[in-house]
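Below is input.pdb, holding PDB, C-alpha atoms.
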```pdb
ATOM      1  CA  MET V   1     -42.102  -6.869  18.805
ATOM      2  CA  GLN V   2     -38.427  -7.879  18.713
ATOM      3  CA  ARG V   3     -38.729  -8.485  14.969
ATOM      4  CA  VAL V   4     -39.771  -4.843  14.430
ATOM      5  CA  ILE V   5     -36.875  -3.568  16.554
ATOM      6  CA  ASP V   6     -34.379  -5.805  14.745
ATOM      7  CA  LYS V   7     -35.635  -4.662  11.363
ATOM      8  CA  ALA V   8     -35.517  -0.992  12.381
ATOM      9  CA  LEU V   9     -31.931  -1.314  13.628
ATOM     10  CA  ALA V  10     -30.553  -3.660  10.937
ATOM     11  CA  LYS V  11     -26.976  -2.883   9.850
ATOM     12  CA  ASP V  12     -27.775  -3.615   6.227
ATOM     13  CA  LEU V  13     -29.863  -0.689   4.949
ATOM     14  CA  THR V  14     -31.705  -2.905   2.488
ATOM     15  CA  LYS V  15     -33.124  -4.918   5.390
ATOM     16  CA  ARG V  16     -34.492  -1.855   7.230
ATOM     17  CA  TYR V  17     -37.919  -0.322   6.807
ATOM     18  CA  ALA V  18     -38.097   1.707   3.623
ATOM     19  CA  THR V  19     -40.708   4.101   5.014
ATOM     20  CA  ALA V  20     -42.189   5.079   8.361
ATOM     21  CA  CYS V  21     -45.530   3.843   7.047
ATOM     22  CA  GLU V  22     -44.205   0.258   6.796
ATOM     23  CA  MET V  23     -42.993   0.375  10.379
ATOM     24  CA  TRP V  24     -46.251   1.927  11.549
ATOM     25  CA  GLN V  25     -48.199  -0.883   9.827
ATOM     26  CA  ASP V  26     -46.101  -3.559  11.578
ATOM     27  CA  LEU V  27     -46.544  -1.838  14.949
ATOM     28  CA  ASN V  28     -50.270  -1.505  14.311
ATOM     29  CA  ASN V  29     -50.467  -5.240  13.438
ATOM     30  CA  ILE V  30     -48.703  -6.078  16.716
ATOM     31  CA  LYS V  31     -51.125  -3.854  18.645
ATOM     32  CA  ASN V  32     -54.154  -5.466  16.960
ATOM     33  CA  LYS V  33     -52.784  -8.936  17.727
ATOM     34  CA  MET V  34     -52.196  -7.975  21.365
ATOM     35  CA  GLU V  35     -55.739  -6.598  21.660
ATOM     36  CA  LYS V  36     -57.076  -9.789  20.147
ATOM     37  CA  ASP V  37     -54.996 -11.928  22.546
ATOM     38  CA  GLY V  38     -55.724  -9.672  25.521
ATOM     39  CA  ASP V  39     -52.042  -8.775  26.081
ATOM     40  CA  GLU V  40     -52.419  -5.015  25.619
ATOM     41  CA  ALA V  41     -51.685  -4.329  29.286
ATOM     42  CA  ALA V  42     -48.322  -6.136  29.008
ATOM     43  CA  TYR V  43     -47.105  -3.579  26.419
ATOM     44  CA  PRO V  44     -48.542  -0.195  27.421
ATOM     45  CA  ALA V  45     -45.947   1.749  25.357
ATOM     46  CA  VAL V  46     -47.065   0.047  22.156
ATOM     47  CA  ALA V  47     -50.721   0.530  22.960
ATOM     48  CA  GLY V  48     -50.248   4.308  23.182
ATOM     49  CA  ALA V  49     -47.933   4.470  20.178
ATOM     50  CA  GLU V  50     -50.808   4.412  17.686
ATOM     51  CA  SER V  51     -51.982   7.879  18.570
ATOM     52  CA  ILE V  52     -48.459   9.332  18.508
ATOM     53  CA  ILE V  53     -47.539   7.709  15.180
ATOM     54  CA  ALA V  54     -50.927   8.470  13.635
ATOM     55  CA  ASP V  55     -50.691  12.137  14.670
ATOM     56  CA  GLU V  56     -47.219  12.521  13.177
ATOM     57  CA  TYR V  57     -47.995  10.477  10.081
ATOM     58  CA  ASN V  58     -51.248  12.296   9.311
ATOM     59  CA  GLU V  59     -49.804  15.748   9.938
ATOM     60  CA  PRO V  60     -51.315  18.009   7.258
ATOM     61  CA  GLU V  61     -48.339  20.360   6.895
ATOM     62  CA  ALA V  62     -45.202  19.317   5.072
ATOM     63  CA  PRO V  63     -41.938  20.078   6.803
ATOM     64  CA  GLU V  64     -40.311  23.355   5.778
ATOM     65  CA  GLU V  65     -36.870  21.797   5.406
ATOM     66  CA  THR V  66     -35.981  18.596   3.622
ATOM     67  CA  ILE V  67     -33.534  16.430   5.509
ATOM     68  CA  VAL V  68     -31.191  14.428   3.306
ATOM     69  CA  MET V  69     -29.757  11.326   4.883
ATOM     70  CA  THR V  70     -26.506   9.979   3.521
ATOM     71  CA  VAL V  71     -25.942   6.295   3.100
ATOM     72  CA  PRO V  72     -22.724   4.921   4.631
ATOM     73  CA  VAL V  73     -19.948   4.326   2.080
ATOM     74  CA  ALA V  74     -19.909   0.572   2.695
ATOM     75  CA  ALA V  75     -23.622   0.349   1.947
ATOM     76  CA  GLN V  76     -23.371   2.561  -1.148
ATOM     77  CA  THR V  77     -20.769   0.485  -2.911
ATOM     78  CA  PRO V  78     -20.564  -3.132  -1.798
ATOM     79  CA  ALA V  79     -18.656  -3.857  -5.014
ATOM     80  CA  LYS V  80     -15.819  -1.563  -3.900
ATOM     81  CA  ALA V  81     -15.231  -3.729  -0.868
ATOM     82  CA  GLN V  82     -14.731  -6.691  -3.180
ATOM     83  CA  GLN V  83     -12.298  -4.864  -5.504
ATOM     84  CA  SER V  84      -8.701  -5.848  -5.216
ATOM     85  CA  TRP V  85      -6.201  -3.255  -4.039
ATOM     86  CA  LEU V  86      -4.749  -3.166  -7.547
ATOM     87  CA  GLU V  87      -8.111  -2.237  -9.094
ATOM     88  CA  ARG V  88      -8.596   0.488  -6.485
ATOM     89  CA  LEU V  89      -5.088   1.783  -7.214
ATOM     90  CA  LYS V  90      -5.918   1.969 -10.927
ATOM     91  CA  ASN V  91      -9.037   4.024 -10.110
ATOM     92  CA  THR V  92      -7.161   6.380  -7.781
ATOM     93  CA  GLN V  93      -6.347   9.791  -9.209
ATOM     94  CA  LEU V  94      -2.813  10.856  -8.226
ATOM     95  CA  THR V  95      -1.645  14.447  -8.144
ATOM     96  CA  ARG V  96       1.254  15.479 -10.349
ATOM     97  CA  HIS V  97       3.544  15.587  -7.299
ATOM     98  CA  GLN V  98       2.514  12.072  -6.251
ATOM     99  CA  GLN V  99       3.080  10.795  -9.783
ATOM    100  CA  LEU V 100       6.600  12.245  -9.850
ATOM    101  CA  MET V 101       7.401  10.823  -6.413
ATOM    102  CA  LEU V 102       6.129   7.390  -7.452
ATOM    103  CA  ALA V 103       8.161   7.492 -10.671
ATOM    104  CA  GLY V 104      11.269   8.485  -8.688
ATOM    105  CA  VAL V 105      10.802   5.603  -6.261
ATOM    106  CA  VAL V 106      10.389   3.160  -9.145
ATOM    107  CA  VAL V 107      13.563   4.447 -10.841
ATOM    108  CA  VAL V 108      15.628   4.253  -7.636
ATOM    109  CA  LEU V 109      14.390   0.748  -6.816
ATOM    110  CA  SER V 110      15.091  -0.409 -10.365
ATOM    111  CA  ALA V 111      18.637   0.950 -10.200
ATOM    112  CA  VAL V 112      19.246  -0.743  -6.851
ATOM    113  CA  PHE V 113      18.004  -4.090  -8.147
ATOM    114  CA  LEU V 114      20.122  -3.798 -11.296
ATOM    115  CA  LEU V 115      23.246  -2.985  -9.281
ATOM    116  CA  ILE V 116      22.645  -5.802  -6.826
ATOM    117  CA  GLY V 117      21.969  -8.210  -9.667
ATOM    118  CA  ASN V 118      25.118  -7.069 -11.480
ATOM    119  CA  VAL V 119      27.283  -7.523  -8.373
ATOM    120  CA  PHE V 120      25.963 -10.988  -7.635
ATOM    121  CA  SER V 121      26.023 -12.175 -11.229
ATOM    122  CA  ARG V 122      29.715 -11.384 -11.853
ATOM    123  CA  ASP V 123      32.319 -14.134 -11.540
ATOM    124  CA  THR V 124      34.875 -14.143  -8.762
ATOM    125  CA  ILE V 125      38.400 -14.336 -10.183
ATOM    126  CA  LYS V 126      41.972 -14.225  -8.882
ATOM    127  CA  VAL V 127      43.758 -10.854  -8.953
ATOM    128  CA  PRO V 128      47.081 -11.091 -10.835
ATOM    129  CA  ASP V 129      50.219 -10.101  -8.911
ATOM    130  CA  VAL V 130      51.766  -7.056 -10.647
ATOM    131  CA  MET V 131      54.272  -5.991  -7.954
ATOM    132  CA  GLY V 132      57.598  -4.831  -9.466
ATOM    133  CA  LYS V 133      56.182  -4.590 -13.009
ATOM    134  CA  SER V 134      56.125  -1.410 -15.103
ATOM    135  CA  VAL V 135      52.979   0.731 -15.093
ATOM    136  CA  VAL V 136      52.082  -0.108 -18.690
ATOM    137  CA  GLU V 137      52.623  -3.834 -18.175
ATOM    138  CA  ALA V 138      50.641  -3.871 -14.870
ATOM    139  CA  GLN V 139      47.700  -2.025 -16.431
ATOM    140  CA  GLU V 140      47.610  -4.371 -19.403
ATOM    141  CA  ILE V 141      47.714  -7.504 -17.213
ATOM    142  CA  LEU V 142      44.941  -6.265 -14.877
ATOM    143  CA  GLU V 143      42.663  -5.016 -17.668
ATOM    144  CA  ASN V 144      43.062  -8.280 -19.609
ATOM    145  CA  ALA V 145      42.107 -10.169 -16.427
ATOM    146  CA  GLY V 146      38.872  -8.144 -16.255
ATOM    147  CA  PHE V 147      39.683  -5.519 -13.616
ATOM    148  CA  SER V 148      39.603  -1.736 -13.760
ATOM    149  CA  VAL V 149      42.842   0.000 -12.782
ATOM    150  CA  THR V 150      43.276   3.081 -10.599
ATOM    151  CA  LEU V 151      46.760   4.578 -10.437
ATOM    152  CA  LYS V 152      48.391   6.299  -7.468
ATOM    153  CA  GLU V 153      51.863   7.736  -7.228
ATOM    154  CA  ALA V 154      54.230   7.568  -4.266
ATOM    155  CA  TYR V 155      57.921   8.394  -3.915
ATOM    156  CA  ASP V 156      60.104   5.438  -3.016
ATOM    157  CA  ASP V 157      63.876   5.962  -3.308
ATOM    158  CA  LYS V 158      64.558   2.212  -3.130
ATOM    159  CA  VAL V 159      62.428   1.379  -6.232
ATOM    160  CA  THR V 160      63.083   2.372  -9.816
ATOM    161  CA  PRO V 161      60.640   5.074 -10.997
ATOM    162  CA  GLY V 162      57.693   3.742 -13.088
ATOM    163  CA  LEU V 163      57.450   0.366 -11.288
ATOM    164  CA  VAL V 164      54.565  -0.849  -9.102
ATOM    165  CA  VAL V 165      55.435  -0.647  -5.374
ATOM    166  CA  LYS V 166      52.016  -1.456  -3.893
ATOM    167  CA  GLN V 167      48.845  -3.219  -5.024
ATOM    168  CA  ASP V 168      45.387  -3.326  -3.406
ATOM    169  CA  PRO V 169      43.949  -5.965  -3.380
ATOM    170  CA  ALA V 170      47.122  -8.000  -3.212
ATOM    171  CA  GLY V 171      47.993 -10.544  -5.874
ATOM    172  CA  ASP V 172      46.242 -13.937  -5.715
ATOM    173  CA  GLU V 173      43.237 -12.565  -3.757
ATOM    174  CA  MET V 174      39.747 -13.321  -5.109
ATOM    175  CA  ARG V 175      37.617 -10.400  -6.325
ATOM    176  CA  LYS V 176      34.563  -9.878  -8.533
ATOM    177  CA  GLU V 177      35.271  -9.371 -12.217
ATOM    178  CA  GLY V 178      35.219  -5.665 -13.105
ATOM    179  CA  SER V 179      36.135  -4.454  -9.609
ATOM    180  CA  ALA V 180      38.883  -1.854  -9.150
ATOM    181  CA  VAL V 181      42.530  -2.668  -8.397
ATOM    182  CA  TYR V 182      44.569   0.189  -6.968
ATOM    183  CA  ILE V 183      48.258   0.202  -7.897
ATOM    184  CA  THR V 184      50.827   2.591  -6.492
ATOM    185  CA  VAL V 185      53.666   3.547  -8.815
ATOM    186  CA  SER V 186      57.093   4.825  -7.701
TER     187      SER V 186
END
```

Represent the supplied structure as structure tokens.
Amino acid sequence: MQRVIDKALAKDLTKRYATACEMWQDLNNIKNKMEKDGDEAAYPAVAGAESIIADEYNEPEAPEETIVMTVPVAAQTPAKAQQSWLERLKNTQLTRHQQLMLAGVVVVLSAVFLLIGNVFSRDTIKVPDVMGKSVVEAQEILENAGFSVTLKEAYDDKVTPGLVVKQDPAGDEMRKEGSAVYITVS
């Protein structure tokens, strides 16, 4: 009896009864065995089940409405469960908006990685001291050393016009090649 119940309630659909007739035959075999062994009184529900099942199974009229049962997704496609996430991603249809968003994320991440890689791959070099030098001379020295130059102007009555009065970063500090050096000119 337990075997019939287990088969009727099996999680795997392929292990369940395919038709009600198969189940009815197994129940009928159990009933016949019980009658033969004299155990019919121990299972009164099974003994009376024959008339109920037989009446429903032999019903002359067909049902007016067909009931369609859907198979659970896991049982329909066991191969999908074994697909890698990459294969499922390839099979996924993205909307135009999703495609654009994904492309944007890829572009931004690529730019970030390139910038980070560029910053970390550059050499660290000493900043030349250009205090008191002329603007043209200071620019030439810094650019030849591998720095970009940004000029600022400030009035200082103690310094001759056109000479560097301030430098950031200061001379002899270590900075990455290509970084900016700000010089203030009188």

Shell around region 136-150 of chain V at 6 Å using only C-alpha atoms, local window under 6 positions removed, as number ranges by chain: V: 130, 177-182

Suppose we keep C-alpha atoms; can you now write the selection as a tab-separated table (two decimals), keeping the file's coordinate frame?
```tsv
chain	number	residue	atom	x	y	z
V	130	VAL	CA	51.77	-7.06	-10.65
V	177	GLU	CA	35.27	-9.37	-12.22
V	178	GLY	CA	35.22	-5.66	-13.10
V	179	SER	CA	36.14	-4.45	-9.61
V	180	ALA	CA	38.88	-1.85	-9.15
V	181	VAL	CA	42.53	-2.67	-8.40
V	182	TYR	CA	44.57	0.19	-6.97
```

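Within the file as shown, the PyMOL selection byres ((chain V and resi 161) around 12) identifies Gly132, Lys133, Ser134, Val135, Glu153, Ala154, Tyr155, Asp156, Asp157, Lys158, Val159, Thr160, Gly162, Leu163, Val164, Val165, Thr184, Val185 and Ser186 of chain V.
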
For CA of Asp129 (chain V) and CA of Asp168 (chain V), quote the distance in Å rounded to one decimal. 10.0 Å

Take the PyMOL selection byres ((chain V and resi 125) around 6), apply it to the structure above, and return the hits as number ranges by chain. V: 124, 126, 174-175

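Residues in contact range of region 2-8 of chain V, defined as at most 9 Å between only C-alpha atoms, with sequence neighbours fewer than 6 positions away removed, read Lys15, Arg16, Tyr17, Met23, Asp26 and Leu27 of chain V.
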